[in-house]
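Engineer: Below is upload23.cif; it holds mmCIF, C-alpha atoms.
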data_start
loop_
_atom_site.label_atom_id
_atom_site.label_comp_id
_atom_site.auth_asym_id
_atom_site.auth_seq_id
_atom_site.Cartn_x
_atom_site.Cartn_y
_atom_site.Cartn_z
CA MET A 17 -44.27 42.31 -258.62
CA SER A 18 -47.12 40.20 -259.98
CA SER A 19 -49.92 38.94 -257.76
CA SER A 20 -48.74 35.34 -258.26
CA ASP A 21 -45.21 36.33 -257.10
CA ALA A 22 -46.67 38.10 -254.06
CA HIS A 23 -48.87 35.08 -253.30
CA SER A 24 -45.89 32.70 -253.64
CA ARG A 25 -43.74 34.90 -251.40
CA ALA A 26 -46.51 35.11 -248.80
CA LYS A 27 -46.79 31.29 -248.79
CA HIS A 28 -43.01 30.97 -248.33
CA ILE A 29 -43.04 33.46 -245.47
CA LEU A 30 -45.98 31.68 -243.80
CA LEU A 31 -44.23 28.31 -244.12
CA HIS A 32 -41.04 29.83 -242.71
CA VAL A 33 -42.99 31.24 -239.74
CA VAL A 34 -44.77 27.92 -239.09
CA LEU A 35 -41.52 25.92 -239.21
CA ALA A 36 -39.79 28.45 -236.94
CA GLY A 37 -42.66 28.34 -234.44
CA PHE A 38 -42.62 24.54 -234.38
CA ALA A 39 -38.83 24.27 -234.00
CA ALA A 40 -38.31 27.12 -231.51
CA PRO A 41 -39.08 25.30 -228.20
CA ALA A 42 -36.76 22.36 -228.90
CA LEU A 43 -34.08 24.64 -230.37
CA LEU A 44 -34.17 26.82 -227.25
CA LEU A 45 -33.71 23.69 -225.13
CA TYR A 46 -30.77 22.58 -227.29
CA MET A 47 -29.29 26.08 -227.21
CA ALA A 48 -29.52 26.49 -223.43
CA THR A 49 -28.27 23.01 -222.55
CA GLY A 50 -25.57 23.06 -225.23
CA ILE A 51 -24.10 26.41 -224.26
CA LEU A 52 -24.15 25.69 -220.53
CA TYR A 53 -22.82 22.13 -221.04
CA THR A 54 -19.97 23.53 -223.13
CA PHE A 55 -18.96 25.71 -220.18
CA GLY A 56 -19.27 22.95 -217.57
CA THR A 57 -22.87 23.17 -216.31
CA LYS A 58 -23.96 19.57 -216.84
CA GLY A 59 -26.37 18.93 -213.99
CA SER A 60 -25.87 16.10 -211.55
CA TYR A 61 -27.13 12.77 -210.34
CA GLU A 62 -28.46 11.43 -207.06
CA VAL A 63 -26.59 8.12 -206.88
CA THR A 64 -27.78 5.04 -205.01
CA LYS A 65 -25.54 1.97 -205.00
CA SER A 66 -26.43 -1.52 -203.90
CA ALA A 67 -24.50 -4.78 -203.70
CA LEU A 68 -26.21 -7.75 -205.30
CA GLU A 69 -25.47 -11.44 -205.62
CA VAL A 70 -24.66 -12.92 -209.02
CA PRO A 71 -27.81 -14.65 -210.27
CA PRO A 72 -27.71 -18.17 -211.65
CA GLY A 73 -27.02 -18.19 -215.39
CA LEU A 74 -24.92 -15.01 -215.40
CA ASP A 75 -21.31 -15.64 -216.43
CA VAL A 76 -19.42 -12.84 -214.66
CA GLY A 77 -16.30 -13.49 -216.75
CA SER A 78 -18.09 -13.00 -220.08
CA PRO A 79 -21.61 -11.67 -219.52
CA ASP A 80 -24.35 -11.57 -222.11
CA LEU A 81 -26.05 -8.23 -222.80
CA ASP A 82 -29.59 -9.64 -222.76
CA THR A 83 -28.98 -11.52 -219.51
CA LEU A 84 -27.61 -8.34 -217.89
CA GLU A 85 -30.63 -6.34 -219.05
CA ALA A 86 -33.03 -8.93 -217.65
CA PHE A 87 -31.11 -8.96 -214.36
CA THR A 88 -31.11 -5.15 -214.20
CA ARG A 89 -34.84 -4.96 -214.98
CA SER A 90 -35.53 -7.41 -212.18
CA ALA A 91 -33.30 -5.58 -209.68
CA LEU A 92 -34.84 -2.18 -210.52
CA ALA A 93 -38.39 -3.55 -210.30
CA GLU A 94 -37.62 -5.11 -206.92
CA ALA A 95 -36.27 -1.74 -205.70
CA GLY A 96 -39.33 0.08 -207.08
CA ARG A 97 -37.29 2.14 -209.53
CA PRO A 98 -38.38 3.05 -213.07
CA MET A 99 -36.51 1.61 -216.03
CA PRO A 100 -34.14 3.90 -217.95
CA SER A 101 -35.60 5.14 -221.24
CA GLY A 102 -32.48 5.09 -223.41
CA GLU A 103 -30.01 2.64 -224.83
CA ARG A 104 -28.12 -0.15 -223.14
CA GLY A 105 -24.61 -1.32 -223.73
CA LEU A 106 -21.80 -3.48 -222.41
CA LYS A 107 -18.34 -1.97 -222.34
CA ARG A 108 -14.92 -3.12 -221.24
CA VAL A 109 -13.38 -1.32 -218.28
CA GLY A 110 -9.74 -2.35 -218.00
CA THR A 111 -9.83 -6.12 -217.60
CA SER A 112 -13.43 -6.04 -216.39
CA TRP A 113 -16.79 -4.88 -217.80
CA GLN A 114 -19.67 -2.54 -217.06
CA PHE A 115 -23.28 -2.76 -218.19
CA GLU A 116 -24.71 0.71 -218.76
CA TRP A 117 -28.32 1.63 -219.44
CA THR A 118 -28.89 5.33 -219.98
CA GLY A 119 -31.99 7.47 -219.88
CA THR A 120 -33.31 10.94 -219.26
CA SER A 121 -34.56 10.30 -215.73
CA ALA A 122 -31.84 7.90 -214.64
CA ASP A 123 -28.72 6.03 -215.71
CA THR A 124 -28.04 2.57 -214.35
CA THR A 125 -24.79 0.64 -214.28
CA VAL A 126 -24.01 -2.90 -213.20
CA SER A 127 -20.43 -4.03 -212.68
CA PRO A 128 -18.62 -6.88 -210.92
CA THR A 129 -17.05 -6.28 -207.53
CA GLU A 130 -13.72 -7.58 -206.19
CA ALA A 131 -15.69 -9.69 -203.68
CA GLY A 132 -17.30 -11.65 -206.52
CA GLY A 133 -20.71 -10.00 -206.45
CA LEU A 134 -22.30 -7.24 -208.50
CA GLU A 135 -22.81 -3.55 -207.82
CA LEU A 136 -25.85 -1.78 -209.18
CA ALA A 137 -25.60 2.02 -209.33
CA TYR A 138 -28.83 3.91 -209.95
CA LYS A 139 -28.13 7.51 -210.92
CA LYS A 140 -31.30 9.62 -210.81
CA THR A 141 -31.00 12.83 -212.82
CA THR A 142 -31.63 16.27 -211.39
CA PRO A 143 -34.03 18.42 -213.46
CA TRP A 144 -31.20 20.18 -215.34
CA ARG A 145 -29.39 16.90 -216.00
CA HIS A 146 -32.68 15.51 -217.35
CA LEU A 147 -32.66 18.27 -220.01
CA VAL A 148 -28.97 17.65 -220.76
CA GLN A 149 -29.73 13.94 -221.23
CA LEU A 150 -32.42 14.88 -223.78
CA HIS A 151 -29.86 17.02 -225.59
CA LYS A 152 -27.41 14.12 -225.64
CA ALA A 153 -30.04 11.77 -227.16
CA LYS A 154 -30.13 9.58 -224.05
CA GLY A 155 -33.91 9.41 -223.94
CA GLY A 156 -36.50 7.30 -225.64
CA ALA A 157 -37.89 7.24 -229.14
CA ALA A 158 -40.40 10.10 -228.67
CA PHE A 159 -37.69 12.75 -228.25
CA HIS A 160 -35.58 11.18 -231.01
CA TYR A 161 -38.48 11.59 -233.46
CA LEU A 162 -39.09 15.14 -232.26
CA SER A 163 -35.40 15.95 -232.76
CA ALA A 164 -35.52 14.57 -236.29
CA ALA A 165 -38.62 16.66 -237.05
CA VAL A 166 -36.93 19.79 -235.66
CA VAL A 167 -33.83 19.15 -237.78
CA LEU A 168 -36.05 18.81 -240.86
CA ALA A 169 -37.85 22.04 -239.94
CA LEU A 170 -34.50 23.78 -239.46
CA PHE A 171 -33.30 22.49 -242.82
CA GLY A 172 -36.52 23.76 -244.40
CA MET A 173 -35.99 27.22 -242.87
CA LEU A 174 -32.37 27.21 -244.02
CA PHE A 175 -33.35 26.20 -247.55
CA MET A 176 -36.09 28.84 -247.74
CA GLY A 177 -33.80 31.51 -246.33
CA TYR A 178 -31.14 30.71 -248.92
CA ARG A 179 -33.76 30.63 -251.67
CA MET A 180 -35.14 34.03 -250.64
CA GLY A 181 -31.61 35.43 -250.40
CA TRP A 182 -30.81 34.17 -253.87
CA VAL A 183 -34.07 35.16 -255.58
CA VAL A 184 -34.28 38.70 -254.16
CA PRO A 185 -31.33 40.58 -255.68
CA ARG A 186 -30.97 43.08 -252.81
CA TYR A 187 -30.36 40.17 -250.35
CA ARG A 188 -27.94 38.20 -252.53
CA ARG A 189 -24.79 40.07 -251.41
CA ALA A 190 -25.81 39.77 -247.74
CA LEU A 191 -26.31 36.02 -248.27
CA PHE A 192 -22.80 35.61 -249.73
CA VAL A 193 -21.16 37.76 -247.04
CA ALA A 194 -22.98 35.94 -244.20
CA THR A 195 -22.17 32.51 -245.65
CA GLY A 196 -18.51 33.45 -246.16
CA THR A 197 -18.29 34.82 -242.62
CA GLY A 198 -19.87 31.62 -241.28
CA VAL A 199 -17.40 29.44 -243.20
CA VAL A 200 -14.41 31.46 -241.96
CA ALA A 201 -15.68 31.51 -238.37
CA THR A 202 -16.30 27.74 -238.41
CA LEU A 203 -12.89 26.93 -239.89
CA LEU A 204 -11.11 29.34 -237.54
CA ALA A 205 -12.87 27.96 -234.45
CA ALA A 206 -12.09 24.40 -235.55
CA TRP A 207 -8.44 25.28 -236.18
CA LEU A 208 -8.08 27.11 -232.84
CA SER A 209 -9.67 24.23 -230.98
#
Could I get this file's structure written as structure tokens?

Structural biologist:
Amino acid sequence: MSSSDAHSRAKHILLHVVLAGFAAPALLLYMATGILYTFGTKGSYEVTKSALEVPPGLDVGSPDLDTLEAFTRSALAEAGRPMPSGERGLKRVGTSWQFEWTGTSADTTVSPTEAGGLELAYKKTTPWRHLVQLHKAKGGAAFHYLSAAVVLALFGMLFMGYRMGWVVPRYRRALFVATGTGVVATLLAAWLS
């Protein structure tokens, strides 16, 4: 092996180690929450519900998303609660609707009541549910960017691992066998599910 080949291989190994070190904490979080979530450990919420009057300008029959967000912000501020960090949405529930604003620390819903008012449900996450919410991309932009960076690091490690497996003849067979086994296992699990 020439000194330039050894130097190139050492740089690849160092880059692989750096990417693995960077990605490991987030990947461990995803692994733990994903496995436990798959088997039913999802965490829980501490739910507080309150009945509120319909504010002027809110059409309960056909509400506007921005108006509902403004109303929810106001109601949460008045109650001294932090705003959710994730996305908001308006969905149909039967013949009615529900405004939902998700986050890592809390989810909030607003829906009409049979009495003609509104119900605000504030669902504060427990510590484990907070981590599950991060896994489910219910948080803010900071964790979304981190997740994207971790995926890029993982792709880089995958690419370098395949490249090393292909370039070094003694690893080539192991690369093919492992890839084939992974394909079969993935297809079999998908078919059995």

Engineer: What is the atom CA of Ile29 of chain A-atom CA of Met173 of chain A distance in Å, reported with one decimal?

Structural biologist: 9.8 Å

Engineer: Determine the nearest neighbour of Ser78 of chain A from the options A:Gly172, A:Pro41, A:Gly96, A:Pro128, counting all atoms listed in the file.

Structural biologist: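 Smallest separation from Ser78 of chain A among the options: A:Pro128.
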
Engineer: Would you write out, as a list in words, every residue that the PyMOL selection byres ((chain A and resi 107) around 12) captures in this file?

Structural biologist: Ser78, Pro79, Asp80, Leu81, Arg104, Gly105, Leu106, Arg108, Val109, Gly110, Thr111, Ser112, Trp113, Gln114, Phe115, Glu116, Trp117, Thr125, Val126 and Ser127 of chain A

Engineer: Hey, which of A:Ala86, A:Ala40, A:Ala122, A:Ala48 ends up closest to Pro100 of chain A? Count all atoms listed in the file.

Structural biologist: A:Ala122

Engineer: With distances taken over only C-alpha atoms, which of A:Trp144, A:Tyr161, A:Tyr138, A:Phe175 is nearest to Val63 of chain A?

Structural biologist: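 Of all the options, A:Tyr138 lies closest to Val63 of chain A.
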
Engineer: Can you work out the spacing between atom CA of Leu31 of chain A and atom CA of Leu147 of chain A in Å, to one decimal?

Structural biologist: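 Atom CA of Leu147 of chain A lies 28.6 Å from atom CA of Leu31 of chain A.
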
Engineer: Work out how far atom CA of Ala39 of chain A is from atom CA of Lys27 of chain A, in Å to one decimal.

Structural biologist: 18.2 Å

Engineer: Enumerate, as a list in words, the residues matched when the PyMOL selection byres ((chain A and resi 143) around 12) is run on the file above.

Structural biologist: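 Written out, the selection comes to Thr49, Lys58, Gly59, Ser60, Tyr61, Glu62, Thr120, Ser121, Ala122, Lys140, Thr141, Thr142, Trp144, Arg145, His146, Leu147, Val148, Gln149 and Leu150 of chain A.
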
Engineer: Here's the selection I'm unsure about, the PyMOL selection byres ((chain A and resi 177-191) around 12); applied to the file above, which residues does it give, as a ChimeraX atom specification?

Structural biologist: /A:17,21,24-26,28-29,31-33,35-36,170-176,192-198

Engineer: I'd like to know which of A:Ser101, A:Thr64, A:Thr83, A:Ser20 is closest to His160 of chain A, using only C-alpha atoms.

Structural biologist: A:Ser101

Engineer: Any idea what's packed within 10 Å of Ala42 of chain A, counting only C-alpha atoms, ignoring anything in its chain fewer than 4 positions away? Could you give it as number ranges by chain?

Structural biologist: A: 38, 46-48, 151, 159, 162-163, 166-167

Engineer: Pick the closest to Arg97 of chain A from A:Ile51, A:Leu45, A:Leu30, A:Ala137: which is it, counting only C-alpha atoms?

Structural biologist: A:Ala137

Engineer: Determine the nearest neighbour of Ala67 of chain A from the options A:Ala164, A:Ala158, A:Leu134, A:Ala206, counting all atoms listed in the file.

Structural biologist: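 Of A:Ala164, A:Ala158, A:Leu134, A:Ala206, the one nearest Ala67 of chain A, counting all atoms listed in the file, is A:Leu134.
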
Engineer: Applying 8 Å and only C-alpha atoms, which residues near Met99 of chain A remain after dropping the ones on its own chain fewer than 6 positions away? List them as a PyMOL selection string.

Structural biologist: chain A and resi 89+92-93+122

Engineer: Export, as a PDB file, in the coordinates of the input, the selected residues with C-alpha atoms.

Structural biologist:
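Listed below is the output, again_15.pdb:
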ATOM      1  CA  ARG A  89     -34.840  -4.960-214.980  1.00  0.00           C
ATOM      2  CA  LEU A  92     -34.840  -2.180-210.520  1.00  0.00           C
ATOM      3  CA  ALA A  93     -38.390  -3.550-210.300  1.00  0.00           C
ATOM      4  CA  ALA A 122     -31.840   7.900-214.640  1.00  0.00           C
TER       5      ALA A 122
END

Engineer: Can you sort out segment 154-172 of chain A so it carries N, CA, C and O atoms, written as an mmCIF file, in the frame of the given file?

Structural biologist:
data_model
loop_
_atom_site.group_PDB
_atom_site.id
_atom_site.type_symbol
_atom_site.label_atom_id
_atom_site.label_comp_id
_atom_site.auth_asym_id
_atom_site.auth_seq_id
_atom_site.Cartn_x
_atom_site.Cartn_y
_atom_site.Cartn_z
ATOM 1 N N LYS A 154 -30.132 10.704 -224.978
ATOM 2 C CA LYS A 154 -30.130 9.580 -224.050
ATOM 3 C C LYS A 154 -31.534 9.118 -223.690
ATOM 4 O O LYS A 154 -31.706 8.232 -222.879
ATOM 5 N N GLY A 155 -32.538 9.749 -224.268
ATOM 6 C CA GLY A 155 -33.910 9.410 -223.940
ATOM 7 C C GLY A 155 -34.493 8.370 -224.873
ATOM 8 O O GLY A 155 -33.793 7.707 -225.626
ATOM 9 N N GLY A 156 -35.791 8.287 -224.835
ATOM 10 C CA GLY A 156 -36.500 7.300 -225.640
ATOM 11 C C GLY A 156 -36.821 7.794 -227.036
ATOM 12 O O GLY A 156 -36.418 8.881 -227.462
ATOM 13 N N ALA A 157 -37.599 6.996 -227.730
ATOM 14 C CA ALA A 157 -37.890 7.240 -229.140
ATOM 15 C C ALA A 157 -38.672 8.529 -229.367
ATOM 16 O O ALA A 157 -38.475 9.195 -230.381
ATOM 17 N N ALA A 158 -39.566 8.909 -228.458
ATOM 18 C CA ALA A 158 -40.400 10.100 -228.670
ATOM 19 C C ALA A 158 -39.547 11.346 -228.913
ATOM 20 O O ALA A 158 -39.786 12.102 -229.857
ATOM 21 N N PHE A 159 -38.525 11.562 -228.086
ATOM 22 C CA PHE A 159 -37.690 12.750 -228.250
ATOM 23 C C PHE A 159 -36.771 12.608 -229.458
ATOM 24 O O PHE A 159 -36.441 13.596 -230.104
ATOM 25 N N HIS A 160 -36.387 11.391 -229.796
ATOM 26 C CA HIS A 160 -35.580 11.180 -231.010
ATOM 27 C C HIS A 160 -36.362 11.598 -232.246
ATOM 28 O O HIS A 160 -35.824 12.266 -233.137
ATOM 29 N N TYR A 161 -37.645 11.205 -232.311
ATOM 30 C CA TYR A 161 -38.480 11.590 -233.460
ATOM 31 C C TYR A 161 -38.706 13.095 -233.490
ATOM 32 O O TYR A 161 -38.696 13.704 -234.552
ATOM 33 N N LEU A 162 -38.930 13.687 -232.312
ATOM 34 C CA LEU A 162 -39.090 15.140 -232.260
ATOM 35 C C LEU A 162 -37.825 15.826 -232.754
ATOM 36 O O LEU A 162 -37.893 16.775 -233.540
ATOM 37 N N SER A 163 -36.673 15.356 -232.320
ATOM 38 C CA SER A 163 -35.400 15.950 -232.760
ATOM 39 C C SER A 163 -35.237 15.860 -234.267
ATOM 40 O O SER A 163 -34.801 16.817 -234.908
ATOM 41 N N ALA A 164 -35.608 14.717 -234.835
ATOM 42 C CA ALA A 164 -35.520 14.570 -236.290
ATOM 43 C C ALA A 164 -36.460 15.543 -236.982
ATOM 44 O O ALA A 164 -36.091 16.167 -237.984
ATOM 45 N N ALA A 165 -37.670 15.714 -236.457
ATOM 46 C CA ALA A 165 -38.620 16.660 -237.050
ATOM 47 C C ALA A 165 -38.110 18.093 -236.946
ATOM 48 O O ALA A 165 -38.252 18.885 -237.888
ATOM 49 N N VAL A 166 -37.480 18.433 -235.830
ATOM 50 C CA VAL A 166 -36.930 19.790 -235.660
ATOM 51 C C VAL A 166 -35.775 20.017 -236.632
ATOM 52 O O VAL A 166 -35.662 21.093 -237.221
ATOM 53 N N VAL A 167 -34.930 19.011 -236.821
ATOM 54 C CA VAL A 167 -33.830 19.150 -237.780
ATOM 55 C C VAL A 167 -34.384 19.359 -239.189
ATOM 56 O O VAL A 167 -33.887 20.206 -239.945
ATOM 57 N N LEU A 168 -35.426 18.622 -239.548
ATOM 58 C CA LEU A 168 -36.050 18.810 -240.860
ATOM 59 C C LEU A 168 -36.654 20.205 -240.988
ATOM 60 O O LEU A 168 -36.537 20.850 -242.032
ATOM 61 N N ALA A 169 -37.296 20.686 -239.923
ATOM 62 C CA ALA A 169 -37.850 22.040 -239.940
ATOM 63 C C ALA A 169 -36.741 23.069 -240.084
ATOM 64 O O ALA A 169 -36.855 24.034 -240.855
ATOM 65 N N LEU A 170 -35.643 22.866 -239.373
ATOM 66 C CA LEU A 170 -34.500 23.780 -239.460
ATOM 67 C C LEU A 170 -33.904 23.767 -240.864
ATOM 68 O O LEU A 170 -33.570 24.823 -241.423
ATOM 69 N N PHE A 171 -33.800 22.590 -241.450
ATOM 70 C CA PHE A 171 -33.300 22.490 -242.820
ATOM 71 C C PHE A 171 -34.238 23.222 -243.775
ATOM 72 O O PHE A 171 -33.795 23.918 -244.688
ATOM 73 N N GLY A 172 -35.551 23.059 -243.559
ATOM 74 C CA GLY A 172 -36.520 23.760 -244.400
ATOM 75 C C GLY A 172 -36.372 25.271 -244.285
ATOM 76 O O GLY A 172 -36.404 25.988 -245.295
#
